[in-house]
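Q: I have a structure I would like to understand better, so I am pasting it below and will then ask my questions one at a time.
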Amino acid sequence: MAPRAYWKGTLKLSLVSCPVVLYPAATSTEKTRFHLINRETGNRLKQQTVDAETGDIVEGEQKGRGYELSKGRYVEIEPEELEAVQIESKHTIDIDSFVPRREIDQRYLNHPYYIAPDGKAALDAFAVIRDAMKDQDRVALARIVLTNREHVIAIEPLGKGMLGTTLRFPYELRDEGEFFDDIKSPRISKDMVELAGHILQTKAAHFDPSTFKDDYETALKALVKRKAAGKPIKLPAPEERPSNVINLMDALKRSLKGKHAAKPSRAPARRPRTQRRSAKKSHRSTARQRRAG
């Protein structure tokens with residue numbers, strides 16, 4: 001069964017247009033997620049909206065949207081006022097320009113979408129636009145309305161289809177100078193740079209996402225499986241923090257030989273709170289037994 005389209009509309013290049021559909025290219029459904037639960041009953045918890053000053057629970061009809069003008073001072077915006085400034089979706093992707101792929105700053109890339117032709121009648125026009133971009137190694141910059149907001153979207157060929165990636169606006173990016181201007185420029189010898197270059201060559205590879213391993217996700221799944229099966233969970237022993245003081249040239253030489261001078265420092269693991277947890281479990285078990293009785 002084909003996935004449900006996230007967006008349907010028309011891809012337009014001057015007088016050439018074709019119906020297309022968009023599908024989200026990324027998903028987080030496979031990630032392990034946790035819910036807040038009541039430790040005593042095992043039931044899931046419900047979150048409620050509470051007034052920050054009075055502590056009263058605020059019901060749905062009392063909730064509104066406000067923009068903070070200054071600390072604790074808000075201007076309320078009504079739903080119909082928001083609707084007045086929302087951009088009506090024309091369900092059209094208007095291509096404005098084509099830019100060289102290499103000129104796109106990676107920091108602007110946001111959410112990826114797969115773009116496919118919608119129906120057999122769209123195949124010819126879709127293929128013409130896709131193959132023209134492929135021949136010239138160009139990326140289309142277009143405008144699209146998603147969730148009542150206009151976005152700039154970069155469109156490029158991807159296999160038989162196209163990849164559309166929404167772009168961030170300049171105001172959404174922080175200036176790198178804010179973080180890099182204070183970085184000093186130490187004197188590094190040419191020998192050190194050459195040694196580092198040799199290490200890079202020994203680790204040269206091609207981009208292959210299939211080799212990416214999410215060790216934390218794997219460990220989470222194993223933890224949940226063991227816990228659900230009633231098996232004991234072994235807590236890791238605290239690790240000692242290695243010294244960060246190393247001889248850089250020595251570390252480079254040993255790295256080139258396949259030996260690591262120093263492992264990356266890690267924050268020490270938390271000490272097991274076995275006794276306190278055991279006491280809590282005993283208290284919960286006793287409470288359940290009383291309720292069962």
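We name chains A, B, ... following the order of the structure tokens; residues begin at 1 in each chain, and ligands are numbered from 1 as shown.
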Go through range 218-261 of chain A residue by residue and, counting only C-alpha atoms, keep those with an atom at most 12 Å from range 32-43 of chain A; for each kept residue give the shortest atom pair and its distance in Å to one decimal, ordered by chain and increasing number, as CSV.
A:
```
residue,atom,partner,partner_atom,distance
A:Thr218,CA,A:Thr32,CA,9.2
A:Ala219,CA,A:Thr32,CA,10.2
A:Leu220,CA,A:Thr32,CA,7.1
A:Lys221,CA,A:Thr32,CA,7.0
A:Ala222,CA,A:Thr32,CA,10.7
A:Leu223,CA,A:Thr32,CA,10.8
A:Val224,CA,A:Thr32,CA,9.3
A:Lys225,CA,A:Thr32,CA,11.6
```
Q: Go ahead and save the residues from that selection, with N, CA and C atoms, as a PDB file, in the first residue's frame.
A:
```pdb
ATOM      1  N   THR A 218      20.132   1.082  20.080  1.00  0.00           N
ATOM      2  CA  THR A 218      20.266  -0.364  20.255  1.00  0.00           C
ATOM      3  C   THR A 218      20.279  -0.730  21.735  1.00  0.00           C
ATOM      4  N   ALA A 219      21.024   0.062  22.511  1.00  0.00           N
ATOM      5  CA  ALA A 219      21.103  -0.201  23.951  1.00  0.00           C
ATOM      6  C   ALA A 219      19.756   0.033  24.630  1.00  0.00           C
ATOM      7  N   LEU A 220      19.003   1.050  24.189  1.00  0.00           N
ATOM      8  CA  LEU A 220      17.678   1.317  24.751  1.00  0.00           C
ATOM      9  C   LEU A 220      16.730   0.156  24.505  1.00  0.00           C
ATOM     10  N   LYS A 221      16.731  -0.362  23.266  1.00  0.00           N
ATOM     11  CA  LYS A 221      15.859  -1.491  22.925  1.00  0.00           C
ATOM     12  C   LYS A 221      16.207  -2.722  23.769  1.00  0.00           C
ATOM     13  N   ALA A 222      17.520  -2.965  23.950  1.00  0.00           N
ATOM     14  CA  ALA A 222      17.955  -4.105  24.760  1.00  0.00           C
ATOM     15  C   ALA A 222      17.543  -3.921  26.213  1.00  0.00           C
ATOM     16  N   LEU A 223      17.658  -2.684  26.716  1.00  0.00           N
ATOM     17  CA  LEU A 223      17.262  -2.386  28.095  1.00  0.00           C
ATOM     18  C   LEU A 223      15.777  -2.658  28.306  1.00  0.00           C
ATOM     19  N   VAL A 224      14.939  -2.148  27.384  1.00  0.00           N
ATOM     20  CA  VAL A 224      13.490  -2.347  27.499  1.00  0.00           C
ATOM     21  C   VAL A 224      13.144  -3.832  27.435  1.00  0.00           C
ATOM     22  N   LYS A 225      13.812  -4.563  26.549  1.00  0.00           N
ATOM     23  CA  LYS A 225      13.536  -6.002  26.391  1.00  0.00           C
ATOM     24  C   LYS A 225      13.881  -6.775  27.651  1.00  0.00           C
TER      25      LYS A 225
END
```
Q: Val139 in chain A: which residues within 9 Å, counting only C-alpha atoms, same-chain residues fewer than 2 positions away excluded, as a list in words?
A: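 My list of contacting residues is Ser97, Phe98, Val99, Pro100, Arg101, Ile104, Met133, Lys134, Gln136, Asp137, Leu141, Ala154, Ile155, Glu156 and Pro157 of chain A.
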Q: Create the file for the chosen residues now, containing N, CA and C atoms and written as a short mmCIF file (atom, residue, chain, number, x, y, z; two decimals), in the first residue's frame.
A:
```
data_model
loop_
_atom_site.label_atom_id
_atom_site.label_comp_id
_atom_site.auth_asym_id
_atom_site.auth_seq_id
_atom_site.Cartn_x
_atom_site.Cartn_y
_atom_site.Cartn_z
N SER A 97 14.10 30.17 -9.66
CA SER A 97 15.43 30.20 -10.25
C SER A 97 16.10 28.84 -10.13
N PHE A 98 17.25 28.70 -10.83
CA PHE A 98 18.07 27.49 -10.75
C PHE A 98 19.47 27.92 -10.36
N VAL A 99 20.01 27.30 -9.32
CA VAL A 99 21.34 27.70 -8.83
C VAL A 99 22.28 26.50 -8.87
N PRO A 100 23.59 26.74 -8.96
CA PRO A 100 24.55 25.63 -8.89
C PRO A 100 24.45 24.92 -7.55
N ARG A 101 24.49 23.61 -7.58
CA ARG A 101 24.35 22.82 -6.35
C ARG A 101 25.39 23.21 -5.30
N ILE A 104 24.83 26.10 -2.51
CA ILE A 104 23.85 26.02 -1.42
C ILE A 104 24.56 25.76 -0.09
N MET A 133 17.55 19.56 -14.98
CA MET A 133 18.36 19.92 -13.80
C MET A 133 19.56 18.99 -13.67
N LYS A 134 19.35 17.71 -13.96
CA LYS A 134 20.44 16.73 -13.86
C LYS A 134 21.54 17.06 -14.86
N GLN A 136 22.42 19.93 -16.15
CA GLN A 136 23.14 21.16 -15.85
C GLN A 136 23.64 21.23 -14.40
N ASP A 137 23.38 20.16 -13.64
CA ASP A 137 23.79 20.11 -12.23
C ASP A 137 23.30 21.34 -11.47
N LEU A 141 15.13 26.58 -7.02
CA LEU A 141 14.65 27.25 -5.81
C LEU A 141 13.22 27.69 -6.09
N ALA A 154 14.32 23.81 -2.00
CA ALA A 154 15.33 23.47 -3.01
C ALA A 154 14.96 22.11 -3.59
N ILE A 155 14.86 22.04 -4.91
CA ILE A 155 14.44 20.81 -5.59
C ILE A 155 15.56 20.31 -6.49
N GLU A 156 15.90 19.03 -6.36
CA GLU A 156 16.96 18.45 -7.17
C GLU A 156 16.61 17.02 -7.57
N PRO A 157 17.19 16.51 -8.65
CA PRO A 157 16.91 15.15 -9.09
C PRO A 157 17.38 14.13 -8.06
#
```
Q: Please, which residues of range 95-135 of chain A, numbered as in this document, come out alpha helix (DSSP H) from DSSP, as a PyMOL selection string?
A: chain A and resi 123-135
Q: Go ahead and save the picked residues with C-alpha atoms, as an mmCIF file, in the first residue's frame.
A:
```cif
data_model
loop_
_atom_site.group_PDB
_atom_site.id
_atom_site.type_symbol
_atom_site.label_atom_id
_atom_site.label_comp_id
_atom_site.auth_asym_id
_atom_site.auth_seq_id
_atom_site.Cartn_x
_atom_site.Cartn_y
_atom_site.Cartn_z
ATOM 1 C CA LEU A 123 5.253 11.810 -16.281
ATOM 2 C CA ASP A 124 6.530 13.650 -19.362
ATOM 3 C CA ALA A 125 6.671 17.141 -17.851
ATOM 4 C CA PHE A 126 8.104 15.753 -14.606
ATOM 5 C CA ALA A 127 10.890 13.918 -16.457
ATOM 6 C CA VAL A 128 11.741 16.983 -18.584
ATOM 7 C CA ILE A 129 12.206 19.230 -15.524
ATOM 8 C CA ARG A 130 14.114 16.529 -13.603
ATOM 9 C CA ASP A 131 16.497 15.634 -16.443
ATOM 10 C CA ALA A 132 17.177 19.268 -17.374
ATOM 11 C CA MET A 133 18.355 19.921 -13.801
ATOM 12 C CA LYS A 134 20.437 16.733 -13.862
ATOM 13 C CA ASP A 135 22.180 17.717 -17.128
#
```
Q: Using only C-alpha atoms, determine which residues lie at most 8 Å from range 165-176 of chain A, disregarding the query and same-chain residues fewer than 3 positions distant; provide the list as JSON, numbers by chain.
A: {"A": [107, 108, 109, 110, 111, 112, 113, 151, 152, 153, 154, 155, 179, 180]}
Q: Go ahead and compute the interatomic distance for CA of Met192 in chain A and CA of Arg241 in chain A, in Å to one decimal.
A: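 These atoms are spaced 26.2 Å apart.
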Q: What separation in Å, quoted to one decimal, exists between CA of Cys18 in chain A and CA of Gly161 in chain A?
A: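 The value is 13.1 Å.
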Q: Tell me which of A:Arg143, A:Lys213, A:Lys160, A:His198 sits closest to Leu13 in chain A, counting only C-alpha atoms.
A: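 Ranked by minimum distance to Leu13 in chain A, first place goes to A:Arg143.
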Q: Excluding Tyr23 in chain A and residues on its chain fewer than 5 positions from it, collect all residues at most 7 Å away from it, counting only C-alpha atoms, and give them as a ChimeraX atom specification.
A: /A:5-6,113-115
Q: Which residue is closest to Val21 in chain A? Choose from A:Gly164, A:Gly55, A:Pro186, A:Gly177 and count only C-alpha atoms.
A: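 Result for the nearest residue to Val21 in chain A: A:Gly164.
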Q: Rank nothing, just name the residue among A:Leu11, A:Leu158, A:Ala122, A:Val58 nearest to Thr92 in chain A, using only C-alpha atoms.
A: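 The shortest atom-to-atom distance to Thr92 in chain A comes from A:Leu11.
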Q: Name the residues of range 129-249 of chain A that come out as strand (DSSP E or B) in a backbone DSSP run; write them as a PyMOL selection string.
A: chain A and resi 138-146+149-158+161-167
Q: To one decimal place, how far is CA of Lys90 in chain A from CA of Val145 in chain A in Å?
A: 7.5 Å
